[in-house]
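Asker: This is start.txt (compact mmCIF, C-alpha atoms).
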```txt
# COMPACT_ATOMS: atom_id res chain seq x y z
CA MET I 1 61.99 75.88 107.44
CA ARG I 2 61.84 78.23 110.44
CA ILE I 3 64.10 81.19 109.80
CA GLY I 4 65.02 84.02 112.13
CA ILE I 5 66.24 87.32 110.76
CA LEU I 6 68.05 89.78 112.98
CA GLY I 7 67.60 93.29 111.65
CA THR I 8 64.57 94.85 110.00
CA GLY I 9 66.39 97.19 107.64
CA VAL I 10 66.52 96.83 103.87
CA VAL I 11 68.71 93.71 103.97
CA GLY I 12 66.58 91.95 106.59
CA LYS I 13 63.32 92.80 104.85
CA THR I 14 64.59 91.83 101.40
CA LEU I 15 65.81 88.45 102.63
CA GLY I 16 62.73 87.96 104.82
CA THR I 17 60.35 88.67 101.96
CA LYS I 18 62.16 86.33 99.58
CA LEU I 19 62.36 83.54 102.16
CA ALA I 20 58.65 83.92 102.96
CA LYS I 21 57.84 83.73 99.25
CA LEU I 22 59.86 80.52 99.10
CA GLY I 23 57.49 79.14 101.73
CA HIS I 24 59.66 79.50 104.81
CA ASP I 25 58.35 80.46 108.21
CA VAL I 26 60.15 83.74 108.84
CA ARG I 27 60.38 85.80 111.99
CA MET I 28 62.12 89.16 111.83
CA GLY I 29 63.68 90.55 114.97
CA SER I 30 64.66 94.05 116.04
CA ARG I 31 65.88 95.70 119.21
CA ALA I 32 62.44 97.11 119.99
CA ALA I 33 59.86 94.59 118.82
CA GLY I 34 56.52 95.81 117.51
CA GLY I 35 57.73 98.61 115.26
CA GLU I 36 55.16 99.69 112.69
CA SER I 37 57.39 98.85 109.73
CA ALA I 38 58.13 95.32 110.97
CA LYS I 39 54.48 94.70 111.80
CA GLU I 40 53.49 95.92 108.35
CA TRP I 41 56.10 93.60 106.83
CA ALA I 42 54.71 90.60 108.74
CA ARG I 43 51.13 91.51 107.81
CA ILE I 44 51.69 91.79 104.06
CA THR I 45 54.29 89.05 103.66
CA GLY I 46 52.25 86.02 104.63
CA THR I 47 50.37 84.26 107.34
CA LYS I 48 53.50 82.48 108.56
CA SER I 49 55.51 85.69 108.91
CA SER I 50 55.98 87.30 112.28
CA GLU I 51 58.13 89.82 114.09
CA GLY I 52 59.54 90.25 117.57
CA THR I 53 62.72 90.97 119.48
CA PHE I 54 66.17 89.78 118.43
CA ALA I 55 65.72 86.96 120.96
CA ASP I 56 62.27 86.06 119.56
CA ALA I 57 63.67 85.82 116.03
CA ALA I 58 66.76 83.84 117.04
CA ALA I 59 64.73 81.42 119.18
CA HIS I 60 62.34 80.89 116.26
CA GLY I 61 64.93 80.15 113.60
CA GLU I 62 66.50 76.85 112.74
CA ILE I 63 68.65 79.10 110.59
CA VAL I 64 69.41 82.65 111.72
CA PHE I 65 70.49 85.52 109.47
CA ASN I 66 72.46 88.41 110.93
CA CYS I 67 71.26 91.39 108.88
CA THR I 68 72.07 94.08 111.42
CA SER I 69 74.53 96.81 110.58
CA GLY I 70 78.05 95.58 111.20
CA MET I 71 78.85 98.09 113.93
CA ALA I 72 75.79 96.91 115.90
CA SER I 73 76.00 93.19 115.17
CA LEU I 74 77.76 91.97 118.31
CA GLU I 75 75.34 93.90 120.51
CA ALA I 76 72.36 92.57 118.53
CA LEU I 77 73.65 89.02 118.90
CA ARG I 78 74.06 89.51 122.65
CA ALA I 79 70.42 90.58 122.75
CA ALA I 80 69.51 87.54 120.65
CA GLY I 81 71.10 85.38 123.32
CA ALA I 82 73.72 82.63 123.09
CA GLN I 83 71.16 79.95 124.02
CA ASN I 84 69.06 80.93 120.99
CA LEU I 85 72.02 80.58 118.64
CA GLN I 86 73.48 77.36 120.02
CA GLY I 87 74.24 74.80 117.31
CA LYS I 88 72.41 76.80 114.66
CA VAL I 89 73.50 77.89 111.21
CA LEU I 90 74.13 81.62 111.62
CA ILE I 91 74.44 83.36 108.28
CA ASP I 92 76.39 86.58 108.72
CA VAL I 93 75.45 89.05 105.99
CA SER I 94 76.77 92.14 107.76
CA ASN I 95 79.71 94.38 106.96
CA PRO I 96 81.78 96.10 109.65
CA LEU I 97 81.56 99.51 108.03
CA ASP I 98 81.92 102.66 110.10
CA PHE I 99 79.96 105.54 108.55
CA SER I 100 80.52 107.83 111.54
CA LYS I 101 83.41 109.69 109.90
CA GLY I 102 81.56 110.34 106.64
CA MET I 103 81.83 108.73 103.22
CA PRO I 104 83.38 106.49 102.20
CA PRO I 105 83.02 104.38 105.31
CA THR I 106 86.04 102.65 106.81
CA HIS I 107 86.19 99.16 108.27
CA SER I 108 85.76 98.90 112.05
CA VAL I 109 87.69 95.63 111.85
CA CYS I 110 89.82 94.20 109.05
CA ASN I 111 93.20 92.81 108.00
CA THR I 112 94.07 90.62 111.01
CA ASP I 113 90.49 89.88 112.04
CA SER I 114 86.93 90.19 110.74
CA LEU I 115 83.42 90.56 112.01
CA GLY I 116 82.63 87.03 110.87
CA GLU I 117 85.45 85.70 113.03
CA GLN I 118 84.45 87.88 115.98
CA ILE I 119 80.95 86.45 115.81
CA GLN I 120 82.25 82.88 115.53
CA ARG I 121 84.52 83.43 118.55
CA ALA I 122 81.70 84.96 120.59
CA TYR I 123 79.31 82.07 119.74
CA PRO I 124 81.58 79.05 119.36
CA THR I 125 78.75 76.52 119.04
CA ALA I 126 76.97 78.50 116.34
CA LYS I 127 77.87 77.50 112.79
CA VAL I 128 78.73 80.86 111.35
CA VAL I 129 78.69 81.15 107.56
CA LYS I 130 79.70 84.46 106.05
CA ALA I 131 77.65 85.01 102.91
CA LEU I 132 75.94 87.57 100.70
CA ASN I 133 77.76 90.56 102.21
CA THR I 134 79.43 91.38 98.88
CA VAL I 135 76.29 92.43 96.98
CA THR I 136 73.41 94.83 97.52
CA ALA I 137 70.22 93.48 99.13
CA ALA I 138 68.18 93.23 95.94
CA VAL I 139 70.89 91.23 94.19
CA MET I 140 71.26 88.83 97.13
CA VAL I 141 67.87 87.30 96.38
CA GLU I 142 67.73 88.06 92.65
CA PRO I 143 71.19 87.65 91.12
CA SER I 144 69.74 88.01 87.62
CA LEU I 145 69.44 91.75 88.29
CA ILE I 146 73.05 91.72 87.11
CA PRO I 147 73.51 90.15 83.66
CA GLY I 148 75.67 87.13 83.05
CA VAL I 149 77.44 84.88 85.48
CA HIS I 150 78.87 86.40 88.63
CA THR I 151 80.16 85.03 91.89
CA ILE I 152 78.92 84.94 95.46
CA PHE I 153 81.19 83.82 98.27
CA VAL I 154 80.69 81.76 101.40
CA CYS I 155 83.08 80.77 104.16
CA GLY I 156 82.79 79.10 107.52
CA ASN I 157 84.22 76.34 109.67
CA ASP I 158 81.33 73.86 109.36
CA ALA I 159 81.05 72.05 106.04
CA LYS I 160 77.46 70.92 106.60
CA ALA I 161 76.35 74.44 107.48
CA LYS I 162 77.99 75.75 104.32
CA ALA I 163 76.24 73.05 102.28
CA VAL I 164 72.88 74.23 103.69
CA VAL I 165 73.70 77.84 102.80
CA ILE I 166 75.01 76.99 99.35
CA ASP I 167 71.82 75.04 98.60
CA LEU I 168 69.70 77.97 99.74
CA LEU I 169 71.72 80.38 97.59
CA LYS I 170 71.50 78.16 94.52
CA THR I 171 68.05 76.62 94.63
CA GLY I 172 66.34 79.32 96.68
CA PHE I 173 67.90 82.55 95.43
CA GLY I 174 69.10 81.44 91.99
CA TRP I 175 72.84 81.92 92.35
CA LYS I 176 74.69 80.07 89.58
CA GLU I 177 78.19 80.42 90.99
CA VAL I 178 78.83 80.08 94.71
CA MET I 179 82.47 79.98 95.73
CA ASP I 180 83.54 78.48 99.05
CA LEU I 181 86.52 80.42 100.43
CA GLY I 182 87.26 77.93 103.20
CA ASP I 183 87.12 78.52 106.92
CA ILE I 184 85.73 81.58 108.66
CA THR I 185 88.98 83.52 108.25
CA GLY I 186 87.79 83.95 104.65
CA ALA I 187 85.49 86.60 106.13
CA ARG I 188 88.49 88.96 106.08
CA ALA I 189 88.57 88.68 102.29
CA GLN I 190 84.80 88.97 101.90
CA GLU I 191 84.63 92.02 104.16
CA MET I 192 87.75 93.81 102.87
CA TYR I 193 86.41 93.44 99.32
CA LEU I 194 83.74 95.96 100.30
CA SER I 195 86.30 98.70 99.84
CA LEU I 196 86.40 97.86 96.12
CA TRP I 197 82.63 97.34 95.94
CA LEU I 198 82.00 100.80 97.37
CA ARG I 199 84.38 102.32 94.85
CA LEU I 200 82.64 100.48 91.99
CA PHE I 201 79.23 101.55 93.29
CA THR I 202 80.38 105.19 93.30
CA LYS I 203 81.95 104.98 89.86
CA LEU I 204 79.24 103.00 88.10
CA LYS I 205 76.38 104.77 89.87
CA THR I 206 74.48 101.56 90.49
CA PRO I 207 74.41 99.23 93.48
CA ASN I 208 73.77 96.37 91.08
CA VAL I 209 77.42 95.53 90.61
CA ASN I 210 79.31 92.35 91.34
CA ILE I 211 82.38 90.43 90.22
CA HIS I 212 82.85 87.21 88.32
CA VAL I 213 85.91 85.25 89.33
CA VAL I 214 87.74 84.02 86.23
CA PHE I 215 90.76 81.72 86.03
CA MET T 1 109.94 105.47 75.45
CA ARG T 2 112.52 105.46 78.25
CA ILE T 3 111.22 103.41 81.13
CA GLY T 4 112.70 102.90 84.57
CA ILE T 5 111.78 99.89 86.64
CA LEU T 6 112.45 99.82 90.36
CA GLY T 7 112.82 96.24 91.53
CA THR T 8 114.43 93.31 89.78
CA GLY T 9 112.19 90.57 91.14
CA VAL T 10 109.65 88.60 89.14
CA VAL T 11 107.32 91.58 88.69
CA GLY T 12 110.07 93.95 87.59
CA LYS T 13 111.61 91.44 85.21
CA THR T 14 108.29 90.42 83.71
CA LEU T 15 107.30 94.03 83.05
CA GLY T 16 110.81 94.93 81.89
CA THR T 17 110.96 92.07 79.42
CA LYS T 18 107.56 92.87 77.96
CA LEU T 19 108.32 96.58 77.68
CA ALA T 20 111.65 95.85 75.99
CA LYS T 21 109.88 93.56 73.53
CA LEU T 22 107.49 96.42 72.78
CA GLY T 23 110.54 98.45 71.77
CA HIS T 24 110.94 100.58 74.86
CA ASP T 25 114.27 101.57 76.31
CA VAL T 26 114.17 99.91 79.73
CA ARG T 27 116.49 100.30 82.67
CA MET T 28 115.94 98.11 85.71
CA GLY T 29 117.11 99.34 89.09
CA SER T 30 117.94 97.58 92.34
CA ARG T 31 119.46 98.55 95.67
CA ALA T 32 122.82 97.08 94.75
CA ALA T 33 123.34 97.61 91.04
CA GLY T 34 125.28 95.08 89.03
CA GLY T 35 123.71 91.91 90.35
CA GLU T 36 124.27 88.88 88.12
CA SER T 37 120.58 88.32 87.57
CA ALA T 38 119.91 91.91 86.50
CA LYS T 39 122.97 91.97 84.25
CA GLU T 40 121.83 88.70 82.67
CA TRP T 41 118.38 90.21 82.14
CA ALA T 42 119.84 93.27 80.42
CA ARG T 43 122.11 91.13 78.26
CA ILE T 44 119.44 88.81 76.93
CA THR T 45 116.59 91.30 76.70
CA GLY T 46 117.97 93.64 74.09
CA THR T 47 120.57 96.16 73.17
CA LYS T 48 118.56 99.02 74.66
CA SER T 49 118.13 97.30 78.03
CA SER T 50 120.30 98.23 80.97
CA GLU T 51 120.47 97.95 84.73
CA GLY T 52 121.71 100.08 87.59
CA THR T 53 120.76 101.50 90.96
CA PHE T 54 117.26 102.64 91.88
CA ALA T 55 118.45 106.19 91.16
CA ASP T 56 119.89 105.15 87.76
CA ALA T 57 116.60 103.56 86.74
CA ALA T 58 114.44 106.43 87.98
CA ALA T 59 116.66 109.04 86.31
CA HIS T 60 116.48 107.08 83.06
CA GLY T 61 112.71 106.69 82.92
CA GLU T 62 110.19 109.07 81.47
CA ILE T 63 107.83 106.62 83.11
CA VAL T 64 108.87 104.80 86.29
CA PHE T 65 107.38 101.54 87.58
CA ASN T 66 107.57 100.73 91.28
CA CYS T 67 107.91 96.95 91.32
CA THR T 68 109.59 96.64 94.70
CA SER T 69 107.93 94.69 97.47
CA GLY T 70 105.41 96.88 99.25
CA MET T 71 107.15 96.85 102.60
CA ALA T 72 110.35 98.14 100.95
CA SER T 73 108.80 100.58 98.49
CA LEU T 74 109.16 103.83 100.41
CA GLU T 75 112.81 103.08 101.14
CA ALA T 76 113.43 102.14 97.49
CA LEU T 77 111.82 105.38 96.33
CA ARG T 78 113.99 107.37 98.74
CA ALA T 79 117.00 105.70 97.17
CA ALA T 80 115.60 106.51 93.72
CA GLY T 81 115.55 110.16 94.73
CA ALA T 82 112.78 112.76 94.60
CA GLN T 83 114.58 114.70 91.86
CA ASN T 84 114.48 111.62 89.63
CA LEU T 85 110.73 111.20 90.10
CA GLN T 86 109.69 114.82 89.76
CA GLY T 87 106.81 115.34 87.34
CA LYS T 88 107.01 111.75 86.09
CA VAL T 89 104.33 109.12 85.72
CA LEU T 90 105.04 106.71 88.58
CA ILE T 91 103.17 103.46 88.17
CA ASP T 92 102.83 101.77 91.53
CA VAL T 93 102.42 98.03 91.09
CA SER T 94 103.32 97.09 94.65
CA ASN T 95 101.22 95.64 97.45
CA PRO T 96 101.82 96.48 101.11
CA LEU T 97 101.83 92.87 102.23
CA ASP T 98 103.65 91.83 105.38
CA PHE T 99 104.86 88.23 105.13
CA SER T 100 106.89 88.43 108.34
CA LYS T 101 104.20 86.76 110.45
CA GLY T 102 103.70 83.85 108.05
CA MET T 103 100.96 83.07 105.58
CA PRO T 104 98.60 84.52 104.68
CA PRO T 105 100.28 87.93 104.73
CA THR T 106 98.54 90.89 106.31
CA HIS T 107 98.48 94.46 105.03
CA SER T 108 101.08 96.81 106.49
CA VAL T 109 98.71 99.67 105.63
CA CYS T 110 95.02 99.59 104.72
CA ASN T 111 91.53 100.86 105.46
CA THR T 112 92.21 104.56 106.16
CA ASP T 113 95.32 104.82 104.00
CA SER T 114 97.20 102.91 101.33
CA LEU T 115 100.68 102.52 99.96
CA GLY T 116 99.64 104.30 96.78
CA GLU T 117 98.59 107.33 98.82
CA GLN T 118 101.72 107.21 100.97
CA ILE T 119 103.85 107.30 97.83
CA GLN T 120 101.82 110.16 96.35
CA ARG T 121 102.15 112.15 99.59
CA ALA T 122 105.91 111.49 99.77
CA TYR T 123 106.42 112.57 96.12
CA PRO T 124 103.75 115.21 95.52
CA THR T 125 105.00 116.21 92.07
CA ALA T 126 105.12 112.64 90.81
CA LYS T 127 101.99 111.49 89.02
CA VAL T 128 101.30 108.27 90.86
CA VAL T 129 99.03 105.78 89.13
CA LYS T 130 98.18 102.60 91.01
CA ALA T 131 97.85 99.79 88.51
CA LEU T 132 98.38 96.09 87.88
CA ASN T 133 98.74 95.20 91.58
CA THR T 134 95.63 92.98 91.46
CA VAL T 135 97.02 90.25 89.19
CA THR T 136 100.09 88.05 89.10
CA ALA T 137 103.10 89.22 87.10
CA ALA T 138 102.58 86.98 84.09
CA VAL T 139 98.96 88.13 83.71
CA MET T 140 99.93 91.80 83.96
CA VAL T 141 101.57 91.66 80.55
CA GLU T 142 99.54 88.80 79.07
CA PRO T 143 95.92 89.07 80.22
CA SER T 144 94.89 86.33 77.77
CA LEU T 145 96.48 83.82 80.18
CA ILE T 146 93.07 84.04 81.83
CA PRO T 147 90.20 83.27 79.45
CA GLY T 148 87.43 85.74 78.68
CA VAL T 149 87.09 89.36 79.65
CA HIS T 150 88.39 90.46 83.02
CA THR T 151 89.12 93.78 84.62
CA ILE T 152 92.24 95.67 85.55
CA PHE T 153 92.05 98.79 87.71
CA VAL T 154 93.85 102.10 87.71
CA CYS T 155 93.56 105.11 89.97
CA GLY T 156 95.44 108.34 90.45
CA ASN T 157 95.06 112.08 90.75
CA ASP T 158 96.36 113.03 87.30
CA ALA T 159 94.03 112.36 84.37
CA LYS T 160 96.76 112.63 81.72
CA ALA T 161 99.02 110.22 83.59
CA LYS T 162 96.15 107.75 83.84
CA ALA T 163 95.51 108.11 80.11
CA VAL T 164 99.15 107.22 79.41
CA VAL T 165 98.90 104.16 81.66
CA ILE T 166 95.55 103.06 80.24
CA ASP T 167 96.95 103.29 76.72
CA LEU T 168 99.97 101.21 77.71
CA LEU T 169 97.74 98.60 79.37
CA LYS T 170 95.44 98.39 76.37
CA THR T 171 97.66 98.75 73.34
CA GLY T 172 100.88 97.50 74.92
CA PHE T 173 99.76 94.69 77.21
CA GLY T 174 96.44 93.77 75.58
CA TRP T 175 94.03 94.56 78.40
CA LYS T 176 90.47 94.77 77.07
CA GLU T 177 88.87 96.23 80.16
CA VAL T 178 90.62 98.89 82.21
CA MET T 179 88.55 100.49 84.95
CA ASP T 180 89.45 103.90 86.34
CA LEU T 181 88.60 104.00 90.05
CA GLY T 182 89.16 107.74 90.38
CA ASP T 183 91.73 109.52 92.51
CA ILE T 184 94.62 107.88 94.35
CA THR T 185 92.45 106.97 97.35
CA GLY T 186 91.19 104.19 95.09
CA ALA T 187 94.47 102.48 95.97
CA ARG T 188 92.83 101.43 99.24
CA ALA T 189 90.32 99.39 97.24
CA GLN T 190 92.93 97.97 94.87
CA GLU T 191 95.23 96.98 97.72
CA MET T 192 92.57 95.63 100.11
CA TYR T 193 91.24 93.45 97.30
CA LEU T 194 94.47 91.45 97.61
CA SER T 195 92.99 89.74 100.64
CA LEU T 196 90.37 88.17 98.35
CA TRP T 197 92.91 87.51 95.60
CA LEU T 198 95.15 85.58 98.00
CA ARG T 199 92.19 83.50 99.13
CA LEU T 200 91.23 82.74 95.53
CA PHE T 201 94.83 81.86 94.70
CA THR T 202 94.92 79.40 97.60
CA LYS T 203 91.55 77.89 96.76
CA LEU T 204 91.94 77.65 92.98
CA LYS T 205 95.61 76.66 93.15
CA THR T 206 96.61 78.99 90.35
CA PRO T 207 97.94 82.54 90.37
CA ASN T 208 96.21 83.09 87.05
CA VAL T 209 92.99 84.35 88.60
CA ASN T 210 91.26 87.68 88.21
CA ILE T 211 87.81 89.23 88.43
CA HIS T 212 85.47 90.65 85.84
CA VAL T 213 83.33 93.52 87.08
CA VAL T 214 79.73 93.04 85.93
CA PHE T 215 76.81 95.42 86.37
```
I'd like the structure from this file rewritten - as structure tokens, please.

Answerer:
Amino acid sequence: MRIGILGTGVVGKTLGTKLAKLGHDVRMGSRAAGGESAKEWARITGTKSSEGTFADAAAHGEIVFNCTSGMASLEALRAAGAQNLQGKVLIDVSNPLDFSKGMPPTHSVCNTDSLGEQIQRAYPTAKVVKALNTVTAAVMVEPSLIPGVHTIFVCGNDAKAKAVVIDLLKTGFGWKEVMDLGDITGARAQEMYLSLWLRLFTKLKTPNVNIHVVF
Amino acid sequence: MRIGILGTGVVGKTLGTKLAKLGHDVRMGSRAAGGESAKEWARITGTKSSEGTFADAAAHGEIVFNCTSGMASLEALRAAGAQNLQGKVLIDVSNPLDFSKGMPPTHSVCNTDSLGEQIQRAYPTAKVVKALNTVTAAVMVEPSLIPGVHTIFVCGNDAKAKAVVIDLLKTGFGWKEVMDLGDITGARAQEMYLSLWLRLFTKLKTPNVNIHVVF
């Protein structure tokens, strides 16, 4: 499948590398195309891998991942262009965390709204699925880095788009337990959980931490 | 031990009943003492059980539980009286959830502050420990209602107070895994998690849901 990835940081590269290994045709996008790191990524990852601007990556993808930092996501998506997102599955991996006032970060949006919802409102024809934002990059694509069964969440308004994402998470990335939290307002829960994740990360001194929902 | 419980709702009664069964000397407090329901509770729970005002309950307790609804907690604690909380372990079970705008509730405080911190600031000599707010009342005192191992959180500024609470959770209530999230600012994480809990409750159609932290 043709996949566009917005953001060439650790999250974007980790997802891009895994997706390329799975045989997908991945294009990573950044604000300023042609950066050395992104070019290097495309060179070593595979012959089908490429890099370009946010708009290049979004235009390329049948599925688009938003892996930009949460505070920059709406601007990055504007640069990607509404026409390049129209009707597409847009997987929002980002977290609206504001690091500008030091650690721990605070949320730039939460409680009565979420970044996932903001993105869905800004791009109403895109099929936004919030996913993977509750674990560190390495665990996103290799859940077995954490022992035992643990849970990853998805939410979004389009059932078919969620089915595509859930299949990718299960058969592509190896997630055993994917929990659908309903419509895109579930992004509030997935994003606000980060407050607990950050606390666990600090306490346990490893980013390889997740939760298993039990009932 | 003498225990005061502020709030005679489901949470207060569930904790009060369990603590009385464990042999503690429990006094439940409400705004208007002498309500039929609280008197009935005291009558059937045991000879050492009693009820009264918020101030009566707080004065009685060596340990005090805040089981009032989050939006009413600061007012209830004012009625309890600073002199009755001074130097005591104050276990804050409440969640600052605002149901006034319909379901799902939103947080009346979150992100850069929390109810746990507000209470600690208002009563600086009290040893506030945030605990048990992440599960439904029945599970608080009977964690085996949910199968397998799952996690309950505590946080607070006073290590000895947390040790008292952790011992009560483990040996009194049967919690196998209690995780200390550090100082009282951890209350932000414990309270913001409720957004996910509410979503899980809605999806899974049972309040008997919790998370197990894995790493």

Asker: From the options I:Phe215, I:Pro143, I:Val178, I:Asn111, which residue's atoms come nearest to Leu97 of chain T, counting all atoms listed in the file?

Answerer: I:Asn111

Asker: List as a compact mmCIF listing (two decimals) with C-alpha atoms, keeping the file's coordinate frame: which residues have an atom within 10 Å of (87.9, 87.5, 100.6), counting only C-alpha atoms?

Answerer:
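Output contents, as saved in out28.txt:
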```txt
# COMPACT_ATOMS: atom_id res chain seq x y z
CA THR I 134 79.43 91.38 98.88
CA PHE I 153 81.19 83.82 98.27
CA VAL I 154 80.69 81.76 101.40
CA CYS I 155 83.08 80.77 104.16
CA LEU I 181 86.52 80.42 100.43
CA GLY I 182 87.26 77.93 103.20
CA THR I 185 88.98 83.52 108.25
CA GLY I 186 87.79 83.95 104.65
CA ALA I 187 85.49 86.60 106.13
CA ARG I 188 88.49 88.96 106.08
CA ALA I 189 88.57 88.68 102.29
CA GLN I 190 84.80 88.97 101.90
CA GLU I 191 84.63 92.02 104.16
CA MET I 192 87.75 93.81 102.87
CA TYR I 193 86.41 93.44 99.32
CA LEU I 194 83.74 95.96 100.30
CA MET T 192 92.57 95.63 100.11
CA TYR T 193 91.24 93.45 97.30
CA LEU T 194 94.47 91.45 97.61
CA SER T 195 92.99 89.74 100.64
CA LEU T 196 90.37 88.17 98.35
CA TRP T 197 92.91 87.51 95.60
CA LEU T 198 95.15 85.58 98.00
CA ARG T 199 92.19 83.50 99.13
CA LEU T 200 91.23 82.74 95.53
```

Asker: Enter the distance from atom CA of Lys48 of chain I to atom CA of Leu145 of chain I, in Å, rounded to one decimal.

Answerer: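 Between atom CA of Lys48 of chain I and atom CA of Leu145 of chain I the gap works out to 27.4 Å.
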
Asker: With distances taken over only C-alpha atoms, which of T:Val109, T:Ala32, T:Ala163, T:Leu85 is nearest to chain I?

Answerer: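 Answer, going by the shortest atom-to-atom distance: T:Val109.
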
Asker: Taking into account all atoms listed in the file, which residue in the set I:His150, I:His24, I:Lys176, I:Lys88 is nearest to chain T?

Answerer: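 For chain T, the nearest of the given residues is I:His150.
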
Asker: Considering only C-alpha atoms, can you say which of T:Pro147, T:Lys160, T:Leu168, T:Glu51 comes closest to Val213 of chain I?

Answerer: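 Ranking T:Pro147, T:Lys160, T:Leu168, T:Glu51 by distance to Val213 of chain I, first place goes to T:Pro147.
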
Asker: Using all atoms listed in the file for the distances, tell me which of T:Ala159, T:Val89, T:Val164, T:Ile211 is nearest to chain I.

Answerer: T:Ile211

Asker: Could you jot down the atom CA of Gln83 of chain T to atom CA of Val11 of chain T separation for me, Å, one decimal place?

Answerer: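 These atoms are spaced 24.4 Å apart.
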
Asker: How far is it from atom CA of Leu19 of chain T to atom CA of Phe54 of chain T, in Å with one decimal?

Answerer: 17.8 Å

Asker: Which is closer to Cys110 of chain T than all the others in T:Gly156, T:Pro96, T:Gly7, T:Pro124, using all atoms listed in the file?

Answerer: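 The closest residue to Cys110 of chain T is T:Pro96.
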
Asker: Write out as a list in words the residues lying within 12 Å of Ala82 of chain T, counting all atoms listed in the file and excluding same-chain residues fewer than 6 positions away.

Answerer: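 Answer for this query is Phe54, Ala55, Ala58, Ala59, Leu74, Glu75, Ala76, Lys88, Leu90, Ile119, Gln120, Arg121, Ala122, Tyr123, Pro124, Thr125 and Ala126 of chain T.
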
Asker: Give me, as a list in words, all polymer residues having an atom no more than 12 Å from Gly35 of chain I, counting all atoms listed in the file and skipping those fewer than 2 positions away in the same chain.

Answerer: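 Listing them by chain and then by number gives Gly7, Thr8, Gly9, Met28, Gly29, Ser30, Arg31, Ala32, Ala33, Ser37, Ala38, Lys39, Glu40, Trp41, Ala42, Ser50, Glu51, Gly52 and Thr53 of chain I.
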
Asker: With a distance cut-off of 7 Å and only C-alpha atoms, select the neighbouring residues of Thr106 of chain T, excluding the residue or stretch itself and same-chain residues fewer than 2 positions from it, and output the selection as a VMD selection string.

Answerer: (chain I and resid 111 to 112) or (chain T and resid 97 to 99 104 108)

Asker: List the neighbours of Thr17 of chain T out to 7 Å using only C-alpha atoms; skip same-chain residues closer than 4 positions along the sequence, and give me the result as a list in words.

Answerer: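 My reading of the contact set: Lys13, Lys21 and Thr45 of chain T.
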
Asker: For C-alpha atoms, please extract segment 111-135 of chain T from the block and return it as a PDB file, in the first residue's frame.

Answerer:
```
ATOM      1  CA  ASN T 111      -3.831  19.423  33.286  1.00  0.00           C
ATOM      2  CA  THR T 112      -1.948  22.084  35.288  1.00  0.00           C
ATOM      3  CA  ASP T 113      -3.586  21.321  38.627  1.00  0.00           C
ATOM      4  CA  SER T 114      -5.729  18.694  40.309  1.00  0.00           C
ATOM      5  CA  LEU T 115      -8.225  18.345  43.104  1.00  0.00           C
ATOM      6  CA  GLY T 116      -5.685  16.397  45.135  1.00  0.00           C
ATOM      7  CA  GLU T 117      -3.267  19.319  44.924  1.00  0.00           C
ATOM      8  CA  GLN T 118      -5.986  21.865  45.688  1.00  0.00           C
ATOM      9  CA  ILE T 119      -6.859  19.953  48.844  1.00  0.00           C
ATOM     10  CA  GLN T 120      -3.200  19.669  49.870  1.00  0.00           C
ATOM     11  CA  ARG T 121      -2.697  23.410  49.339  1.00  0.00           C
ATOM     12  CA  ALA T 122      -5.855  24.251  51.307  1.00  0.00           C
ATOM     13  CA  TYR T 123      -4.817  21.990  54.235  1.00  0.00           C
ATOM     14  CA  PRO T 124      -1.015  22.120  54.235  1.00  0.00           C
ATOM     15  CA  THR T 125      -0.589  20.183  57.481  1.00  0.00           C
ATOM     16  CA  ALA T 126      -2.857  17.357  56.371  1.00  0.00           C
ATOM     17  CA  LYS T 127      -1.067  14.440  54.743  1.00  0.00           C
ATOM     18  CA  VAL T 128      -3.089  14.095  51.579  1.00  0.00           C
ATOM     19  CA  VAL T 129      -2.837  10.777  49.768  1.00  0.00           C
ATOM     20  CA  LYS T 130      -4.724  10.437  46.497  1.00  0.00           C
ATOM     21  CA  ALA T 131      -5.925   6.864  46.194  1.00  0.00           C
ATOM     22  CA  LEU T 132      -8.691   4.600  44.926  1.00  0.00           C
ATOM     23  CA  ASN T 133     -10.235   7.236  42.636  1.00  0.00           C
ATOM     24  CA  THR T 134      -9.491   5.141  39.531  1.00  0.00           C
ATOM     25  CA  VAL T 135     -11.912   2.278  40.241  1.00  0.00           C
TER      26      VAL T 135
END
```
